[in-house]
There are 2 protein chains.
Amino acid sequence: MSKLLVVIGTGLLGGSFARGAREQGLFTHIVGIEPDAERAELARSLGIVDELATSVIASADAVLIASPSDTIAEWVIRLSEHRGVLFDVGSVKSAILDEIRGELGELPVRFVPCHPIAGSERHGPAAADGSLFRDQKVVITPHADIDSSALARVESWWQQLGARVLRTEASTHDRVLALTSHLPHLVAFAYLQQIDTQHLDFTGGGFRDFTRIGASDAKVWSAIFELNKSPILEALDDLQRSLGEIRDALDAGDMDRIRRIILSAQQRRREL
Amino acid sequence: MSKLLVVIGTGLLGGSFARGAREQGLFTHIVGIEPDAERAELARSLGIVDELATSVIASADAVLIASPSDTIAEWVIRLSEHRGVLFDVGSVKSAILDEIRGELGELPVRFVPCHPIAGSERHGPAAADGSLFRDQKVVITPHADIDSSALARVESWWQQLGARVLRTEASTHDRVLALTSHLPHLVAFAYLQQIDTQHLDFTGGGFRDFTRIGASDAKVWSAIFELNKSPILEALDDLQRSLGEIRDALDAGDMDRIRRIILSAQQRRREL
């Protein structure tokens with residue numbers, strides 16, 4: 001029985017899922033939709049997709065929406081009547097779901113919202129790797145009316161690619177990702193404003209690790225910041241408060257307090 | 001001609017220099033001074049040092065002071081009349097030099113202040129590795145009256161261990177290290193105050209990289225913060241200002257401004 005997957009957006013995530021799906025025999029035919037002509041051609045010539053298209057064929061068994069976060073809602077709305085399983089890889093959840101509900105009044109029952117917490121500094125089809133999701137986590141934020149068979153199938157695909165699947169509320173996802181991912185990116189971007197070439201002679205591994213995420217794509221990240229604005233601002237306020245505490249302790253020469261704060265941080269980090 | 005090195009503090013840095021020095025044939029005999037009995041015995045049994053002592057023999061050709069940053073000045077003062085070359089690996093410079101000048105009125109001419117920007121999450125003699133400094137940078141902050149032969153020898157030793165040596169003013173070192181190393185540690189410590197075990201299910205590589213330095217030793221880092229307080233507070237103020245800018249832009253929905261800040265960060269990071 002042939003299984004047809006359409007991948008919208010043949011970048012790192014879409015391309016990696018396509019590769020992994022092919023390697024695991026999850027689909028027999030993969031079609032790519034990609035507005036960037038160069039990226040599309042690369043995906044085709046690399047064999048990530050079997051052919052290219054400009055619209056989603058009605059007989060597709062599954063449609064992966066791996067386009068930029070701020071285009072996902074639009075695609076789900078357009079495909080709301082599609083009979084296959086729809087799933088995405090957007091970095092934010094509530095904003096996307098709210099936009100869909102705003103337009104349709106409800107969420108399509110076969111739409112399974114996903115977010116793989118996996119990535120790479122690299123981008124585009126050339127970086128696509130079927131093992132990208134192995135031993136990584138994929139968060140799924142199912143809504144109340146979700147079709148349980150669609151949910152089960154999507155979970156199973158991610159698991160077959162080696163990922164661990166967690167289910168949670170969309171609002172929980174957004175709040176926690178604001179803290180664990182979006183805020184660190186924001187801080188790295190702010191921090192790097194101070195850095196000049198003259199400083200680079202004095203940097204070591206700690207600097208490189210701390211700022212690695214500062215090389216992230218501007219378009220992708222400004223979209224994420226805009227879509228997850230409230231949780232991010234809350235997380236930032238909490239951080240500003242902690243920075244203020246350390247600042248005050250340091251200013252006052254209260255080294256016991258500083259030591260306690262550091263020990264507390266050390267403990268949490270080592271639990272990882 | 002026998003060459004005797006005394007290493008005060010047989011931890012990661014002292015132990016690694018000792019191992020590297022032995023591998024490169026820089027010294028024929030290495031004596032360790034280490035107040036922690038377990039650490040001392042480990043350094044001896046691992047062959048990092050040939051023997052242990054509790055004071056510095058007058059005939060030592062070189063003395064490496066690799067004890068905690070807040071004990072270095074004390075050792076230099078105690079050894080101010082020593083006829084060998086003294087050098088340290090302290091993470092801060094001005095505070096140490098000021099303390100020595102405060103006591104002696106001037107800096108010993110054969111004291112060469114060093115700071116290797118190299119490290120490892122691991123600690124202690126067991127982590128000592130002669131190649132730790134290979135392709136790393138060592139900053140030396142020579143004072144006006146420094147003995148040029150002592151300076152040349154110390155630089156040569158680091159270079160023979162594979163490091164690149166940079167000379168700069170102590171105040172420049174402290175200001176730049178506050179920015180490139182101390183502040184990131186402070187931020188990681190503050191950030192981790194928000195993190196709970198419940199969040200760990202939602203973390204990926206970006207979080208791990210950003211917080212890696214958060215596992216650093218509390219005693220070591222509270223000493224560094226105390227010794228380099230002013231430059232660190234200045235760097236923190238600059239960061240708070242940049243965070244405020246991003247916060248305002250995000251709050252106002254000014255995505256063009258956000259994008260420009262991110263692009264600027266991306267560019268600086270990629271220059272690395």
# chains A, B, ... in the order shown; residues from 1 in each chain; ligands from 1
$ residues_around --residues "Val139 in chain A" --least-positions-apart "6" --cutoff "7 Å" --atoms "only C-alpha atoms" --output "list of chain:residue names"
A:Cys114, A:His115, A:Pro116, A:Val165, A:Leu166, A:Arg167
$ write_last_selection --atoms "all heavy atoms" --output "PDB file, in the first residue's frame"
ATOM      1  N   CYS A 114       3.152  19.602  16.620  1.00  0.00           N
ATOM      2  CA  CYS A 114       4.402  19.032  17.136  1.00  0.00           C
ATOM      3  C   CYS A 114       5.501  20.087  17.221  1.00  0.00           C
ATOM      4  O   CYS A 114       5.474  21.076  16.489  1.00  0.00           O
ATOM      5  CB  CYS A 114       4.928  17.924  16.210  1.00  0.00           C
ATOM      6  SG  CYS A 114       3.742  16.643  15.820  1.00  0.00           S
ATOM      7  N   HIS A 115       6.441  19.824  18.084  1.00  0.00           N
ATOM      8  CA  HIS A 115       7.652  20.646  18.125  1.00  0.00           C
ATOM      9  C   HIS A 115       8.822  19.758  18.512  1.00  0.00           C
ATOM     10  O   HIS A 115       8.953  19.361  19.667  1.00  0.00           O
ATOM     11  CB  HIS A 115       7.506  21.804  19.114  1.00  0.00           C
ATOM     12  CG  HIS A 115       8.777  22.603  19.259  1.00  0.00           C
ATOM     13  ND1 HIS A 115       9.105  23.308  20.408  1.00  0.00           N
ATOM     14  CD2 HIS A 115       9.810  22.815  18.398  1.00  0.00           C
ATOM     15  CE1 HIS A 115      10.284  23.900  20.231  1.00  0.00           C
ATOM     16  NE2 HIS A 115      10.728  23.625  19.025  1.00  0.00           N
ATOM     17  N   PRO A 116       9.685  19.438  17.520  1.00  0.00           N
ATOM     18  CA  PRO A 116      10.879  18.656  17.842  1.00  0.00           C
ATOM     19  C   PRO A 116      11.933  19.572  18.449  1.00  0.00           C
ATOM     20  O   PRO A 116      12.282  20.589  17.850  1.00  0.00           O
ATOM     21  CB  PRO A 116      11.345  18.121  16.485  1.00  0.00           C
ATOM     22  CG  PRO A 116      10.738  19.029  15.471  1.00  0.00           C
ATOM     23  CD  PRO A 116       9.567  19.721  16.093  1.00  0.00           C
ATOM     24  N   VAL A 165       8.680  11.093  22.662  1.00  0.00           N
ATOM     25  CA  VAL A 165       7.543  12.002  22.506  1.00  0.00           C
ATOM     26  C   VAL A 165       6.935  12.362  23.859  1.00  0.00           C
ATOM     27  O   VAL A 165       6.701  11.504  24.705  1.00  0.00           O
ATOM     28  CB  VAL A 165       6.457  11.356  21.615  1.00  0.00           C
ATOM     29  CG1 VAL A 165       5.226  12.256  21.564  1.00  0.00           C
ATOM     30  CG2 VAL A 165       6.990  11.105  20.220  1.00  0.00           C
ATOM     31  N   LEU A 166       6.737  13.660  24.066  1.00  0.00           N
ATOM     32  CA  LEU A 166       6.070  14.117  25.293  1.00  0.00           C
ATOM     33  C   LEU A 166       4.806  14.858  24.890  1.00  0.00           C
ATOM     34  O   LEU A 166       4.818  15.652  23.956  1.00  0.00           O
ATOM     35  CB  LEU A 166       6.943  15.123  26.043  1.00  0.00           C
ATOM     36  CG  LEU A 166       8.274  14.668  26.577  1.00  0.00           C
ATOM     37  CD1 LEU A 166       9.386  15.355  25.824  1.00  0.00           C
ATOM     38  CD2 LEU A 166       8.364  15.031  28.059  1.00  0.00           C
ATOM     39  N   ARG A 167       3.729  14.644  25.636  1.00  0.00           N
ATOM     40  CA  ARG A 167       2.498  15.382  25.371  1.00  0.00           C
ATOM     41  C   ARG A 167       2.313  16.423  26.451  1.00  0.00           C
ATOM     42  O   ARG A 167       2.521  16.146  27.635  1.00  0.00           O
ATOM     43  CB  ARG A 167       1.295  14.443  25.425  1.00  0.00           C
ATOM     44  CG  ARG A 167       1.199  13.457  24.300  1.00  0.00           C
ATOM     45  CD  ARG A 167      -0.161  12.777  24.365  1.00  0.00           C
ATOM     46  NE  ARG A 167      -0.166  11.502  23.696  1.00  0.00           N
ATOM     47  CZ  ARG A 167      -1.235  10.711  23.634  1.00  0.00           C
ATOM     48  NH1 ARG A 167      -2.362  11.073  24.236  1.00  0.00           N
ATOM     49  NH2 ARG A 167      -1.170   9.557  22.990  1.00  0.00           N
TER      50      ARG A 167
END
$ residues_around --residues "Ala60 in chain A" --least-positions-apart "6" --cutoff "12 Å" --atoms "only C-alpha atoms" --output "ChimeraX atom specification"
/A:2-7,27-32,79,82-86
$ write_last_selection --atoms "C-alpha atoms" --output "PDB file, in the first residue's frame"
ATOM      1  CA  SER A   2       1.576   3.246  -1.081  1.00  0.00           C
ATOM      2  CA  LYS A   3       1.991   5.956   1.479  1.00  0.00           C
ATOM      3  CA  LEU A   4       2.356   9.509   0.278  1.00  0.00           C
ATOM      4  CA  LEU A   5       3.930  12.285   2.368  1.00  0.00           C
ATOM      5  CA  VAL A   6       3.936  15.929   1.367  1.00  0.00           C
ATOM      6  CA  VAL A   7       6.584  18.061   3.060  1.00  0.00           C
ATOM      7  CA  PHE A  27       6.302   6.521   3.320  1.00  0.00           C
ATOM      8  CA  THR A  28       6.872   5.239  -0.206  1.00  0.00           C
ATOM      9  CA  HIS A  29       6.622   8.560  -2.007  1.00  0.00           C
ATOM     10  CA  ILE A  30       7.605  12.040  -0.807  1.00  0.00           C
ATOM     11  CA  VAL A  31       6.582  15.280  -2.467  1.00  0.00           C
ATOM     12  CA  GLY A  32       8.153  18.607  -1.553  1.00  0.00           C
ATOM     13  CA  LEU A  79      -5.706  22.252   4.438  1.00  0.00           C
ATOM     14  CA  HIS A  82      -7.750  17.575   3.848  1.00  0.00           C
ATOM     15  CA  ARG A  83      -8.407  13.923   4.641  1.00  0.00           C
ATOM     16  CA  GLY A  84      -4.849  13.053   5.545  1.00  0.00           C
ATOM     17  CA  VAL A  85      -2.942  13.684   8.777  1.00  0.00           C
ATOM     18  CA  LEU A  86      -1.504  17.185   9.164  1.00  0.00           C
TER      19      LEU A  86
END
$ select_by_dssp --residues "range 13-261 of chain B" --states "helix (DSSP H, G or I)" --output "ChimeraX atom specification"
/B:13-23,37-45,69-78,94-104,125-127,148-160,170-192,197-202,205-215,218-227,229-251,255-261
$ residues_around --residues "Asp98 in chain A" --least-positions-apart "5" --cutoff "12 Å" --atoms "only C-alpha atoms" --output "list of chain:residue names"
A:Ile72, A:Ala73, A:Glu74, A:Val76, A:Ile77, A:Val92, A:Lys93, A:Glu103, A:Leu104, A:Gly105, A:Glu106, A:Leu107, A:His143, A:Ala170, A:Ser171, A:Leu227, A:Asn228
$ closest_atom_pairs --of "chain A" --to "chain B" --cutoff "6 Å" --atoms "only C-alpha atoms" --output "tab-separated table"
residue	atom	partner	partner_atom	distance
A:Ile117	CA	B:Gly204	CA	5.8
A:Phe189	CA	B:Ala265	CA	5.2
A:Ala190	CA	B:Ser242	CA	5.2
A:Tyr191	CA	B:Leu239	CA	5.8
A:Leu192	CA	B:Ala265	CA	5.1
A:Gln193	CA	B:Ala265	CA	6.0
A:Gly204	CA	B:Ile117	CA	5.8
A:Asp209	CA	B:Asp209	CA	4.9
A:Phe210	CA	B:Phe210	CA	4.4
A:Gly214	CA	B:Gln266	CA	5.6
A:Ala215	CA	B:Gln266	CA	4.3
A:Ala218	CA	B:Ile262	CA	5.4
A:Ser222	CA	B:Arg259	CA	5.8
A:Leu239	CA	B:Tyr191	CA	5.8
A:Ser242	CA	B:Ala190	CA	5.2
A:Leu243	CA	B:Ala190	CA	5.6
A:Arg259	CA	B:Ala218	CA	5.7
A:Ile262	CA	B:Ala218	CA	5.4
A:Leu263	CA	B:Ala218	CA	5.6
A:Ala265	CA	B:Leu192	CA	5.1
A:Gln266	CA	B:Ala215	CA	4.3
A:Arg269	CA	B:Ala215	CA	5.5
$ atom_distance --atom1 "CA of Glu23 in chain A" --atom2 "CA of Thr71 in chain A"
27.9 Å
$ residues_around --residues "Leu42 in chain B" --least-positions-apart "3" --cutoff "12 Å" --atoms "only C-alpha atoms" --output "ChimeraX atom specification"
/B:10-11,15,32,34,36-39,45-52,124-128
$ write_last_selection --atoms "N, CA, C and O atoms" --output "PDB file, in the first residue's frame"
ATOM      1  N   THR B  10      48.119  21.576  43.005  1.00  0.00           N
ATOM      2  CA  THR B  10      48.236  20.539  41.970  1.00  0.00           C
ATOM      3  C   THR B  10      46.860  20.156  41.425  1.00  0.00           C
ATOM      4  O   THR B  10      46.512  18.982  41.318  1.00  0.00           O
ATOM      5  N   GLY B  11      46.074  21.183  41.077  1.00  0.00           N
ATOM      6  CA  GLY B  11      44.754  20.941  40.496  1.00  0.00           C
ATOM      7  C   GLY B  11      44.858  20.828  38.986  1.00  0.00           C
ATOM      8  O   GLY B  11      45.903  20.456  38.442  1.00  0.00           O
ATOM      9  N   GLY B  15      48.514  20.971  37.611  1.00  0.00           N
ATOM     10  CA  GLY B  15      48.820  19.605  37.205  1.00  0.00           C
ATOM     11  C   GLY B  15      49.057  19.495  35.706  1.00  0.00           C
ATOM     12  O   GLY B  15      49.952  18.772  35.252  1.00  0.00           O
ATOM     13  N   GLY B  32      55.629  19.344  44.241  1.00  0.00           N
ATOM     14  CA  GLY B  32      54.281  19.872  44.424  1.00  0.00           C
ATOM     15  C   GLY B  32      54.042  20.353  45.845  1.00  0.00           C
ATOM     16  O   GLY B  32      54.480  19.718  46.807  1.00  0.00           O
ATOM     17  N   GLU B  34      50.696  21.255  48.037  1.00  0.00           N
ATOM     18  CA  GLU B  34      49.236  21.141  47.941  1.00  0.00           C
ATOM     19  C   GLU B  34      48.674  20.882  49.328  1.00  0.00           C
ATOM     20  O   GLU B  34      48.906  19.821  49.902  1.00  0.00           O
ATOM     21  N   ASP B  36      45.658  20.244  50.298  1.00  0.00           N
ATOM     22  CA  ASP B  36      44.683  19.157  50.364  1.00  0.00           C
ATOM     23  C   ASP B  36      45.425  17.820  50.256  1.00  0.00           C
ATOM     24  O   ASP B  36      45.941  17.478  49.190  1.00  0.00           O
ATOM     25  N   ALA B  37      45.469  17.078  51.360  1.00  0.00           N
ATOM     26  CA  ALA B  37      46.285  15.857  51.435  1.00  0.00           C
ATOM     27  C   ALA B  37      45.923  14.832  50.361  1.00  0.00           C
ATOM     28  O   ALA B  37      46.788  14.222  49.737  1.00  0.00           O
ATOM     29  N   GLU B  38      44.622  14.677  50.108  1.00  0.00           N
ATOM     30  CA  GLU B  38      44.174  13.690  49.122  1.00  0.00           C
ATOM     31  C   GLU B  38      44.630  14.073  47.723  1.00  0.00           C
ATOM     32  O   GLU B  38      45.143  13.254  46.961  1.00  0.00           O
ATOM     33  N   ARG B  39      44.455  15.359  47.416  1.00  0.00           N
ATOM     34  CA  ARG B  39      44.835  15.880  46.109  1.00  0.00           C
ATOM     35  C   ARG B  39      46.349  15.775  45.932  1.00  0.00           C
ATOM     36  O   ARG B  39      46.857  15.424  44.864  1.00  0.00           O
ATOM     37  N   SER B  45      51.074  10.167  43.272  1.00  0.00           N
ATOM     38  CA  SER B  45      50.932   8.792  42.780  1.00  0.00           C
ATOM     39  C   SER B  45      50.682   8.738  41.271  1.00  0.00           C
ATOM     40  O   SER B  45      51.040   7.772  40.611  1.00  0.00           O
ATOM     41  N   LEU B  46      50.106   9.800  40.702  1.00  0.00           N
ATOM     42  CA  LEU B  46      49.899   9.835  39.248  1.00  0.00           C
ATOM     43  C   LEU B  46      51.160  10.275  38.512  1.00  0.00           C
ATOM     44  O   LEU B  46      51.170  10.338  37.287  1.00  0.00           O
ATOM     45  N   GLY B  47      52.209  10.617  39.290  1.00  0.00           N
ATOM     46  CA  GLY B  47      53.448  11.028  38.635  1.00  0.00           C
ATOM     47  C   GLY B  47      53.423  12.444  38.083  1.00  0.00           C
ATOM     48  O   GLY B  47      54.254  12.828  37.268  1.00  0.00           O
ATOM     49  N   ILE B  48      52.442  13.230  38.516  1.00  0.00           N
ATOM     50  CA  ILE B  48      52.376  14.622  38.061  1.00  0.00           C
ATOM     51  C   ILE B  48      53.530  15.397  38.691  1.00  0.00           C
ATOM     52  O   ILE B  48      54.157  16.239  38.057  1.00  0.00           O
ATOM     53  N   VAL B  49      53.816  15.096  39.967  1.00  0.00           N
ATOM     54  CA  VAL B  49      54.977  15.666  40.645  1.00  0.00           C
ATOM     55  C   VAL B  49      55.850  14.512  41.135  1.00  0.00           C
ATOM     56  O   VAL B  49      55.358  13.401  41.349  1.00  0.00           O
ATOM     57  N   ASP B  50      57.159  14.788  41.283  1.00  0.00           N
ATOM     58  CA  ASP B  50      58.086  13.746  41.742  1.00  0.00           C
ATOM     59  C   ASP B  50      58.043  13.602  43.254  1.00  0.00           C
ATOM     60  O   ASP B  50      58.298  12.525  43.784  1.00  0.00           O
ATOM     61  N   GLU B  51      57.762  14.711  43.946  1.00  0.00           N
ATOM     62  CA  GLU B  51      57.670  14.660  45.396  1.00  0.00           C
ATOM     63  C   GLU B  51      56.835  15.828  45.884  1.00  0.00           C
ATOM     64  O   GLU B  51      56.544  16.767  45.141  1.00  0.00           O
ATOM     65  N   LEU B  52      56.472  15.738  47.162  1.00  0.00           N
ATOM     66  CA  LEU B  52      55.670  16.789  47.770  1.00  0.00           C
ATOM     67  C   LEU B  52      56.516  17.567  48.767  1.00  0.00           C
ATOM     68  O   LEU B  52      57.496  17.057  49.303  1.00  0.00           O
ATOM     69  N   GLY B 124      40.868  18.954  39.410  1.00  0.00           N
ATOM     70  CA  GLY B 124      41.755  18.110  40.194  1.00  0.00           C
ATOM     71  C   GLY B 124      42.841  17.406  39.401  1.00  0.00           C
ATOM     72  O   GLY B 124      42.869  17.448  38.175  1.00  0.00           O
ATOM     73  N   PRO B 125      43.757  16.744  40.132  1.00  0.00           N
ATOM     74  CA  PRO B 125      44.919  16.100  39.504  1.00  0.00           C
ATOM     75  C   PRO B 125      44.534  15.057  38.459  1.00  0.00           C
ATOM     76  O   PRO B 125      45.210  14.918  37.437  1.00  0.00           O
ATOM     77  N   ALA B 126      43.439  14.342  38.703  1.00  0.00           N
ATOM     78  CA  ALA B 126      43.051  13.280  37.771  1.00  0.00           C
ATOM     79  C   ALA B 126      42.730  13.841  36.389  1.00  0.00           C
ATOM     80  O   ALA B 126      42.857  13.150  35.380  1.00  0.00           O
ATOM     81  N   ALA B 127      42.368  15.118  36.334  1.00  0.00           N
ATOM     82  CA  ALA B 127      42.011  15.744  35.049  1.00  0.00           C
ATOM     83  C   ALA B 127      43.229  16.378  34.372  1.00  0.00           C
ATOM     84  O   ALA B 127      43.146  16.832  33.237  1.00  0.00           O
ATOM     85  N   ALA B 128      44.347  16.408  35.062  1.00  0.00           N
ATOM     86  CA  ALA B 128      45.542  17.075  34.530  1.00  0.00           C
ATOM     87  C   ALA B 128      45.945  16.481  33.192  1.00  0.00           C
ATOM     88  O   ALA B 128      46.032  15.256  33.040  1.00  0.00           O
TER      89      ALA B 128
END
$ residues_around --residues "Ile146 in chain A" --least-positions-apart "3" --cutoff "7 Å" --atoms "only C-alpha atoms" --output "list in words"
Val109, Arg110, Pro142 and His143 of chain A
$ atom_distance --atom1 "CA of Arg78 in chain A" --atom2 "CA of Ala40 in chain A"
21.0 Å
$ atom_distance --atom1 "CA of Arg153 in chain B" --atom2 "CA of Ser16 in chain B"
18.1 Å
$ closest_residue --among "A:Pro113, A:Val56, A:Pro68, A:Ile96" --to "Glu81 in chain A" --atoms "only C-alpha atoms"
A:Val56
$ select_by_dssp --residues "range 10-234 of chain A" --states "strand (DSSP E)" --output "count of residues only"
29
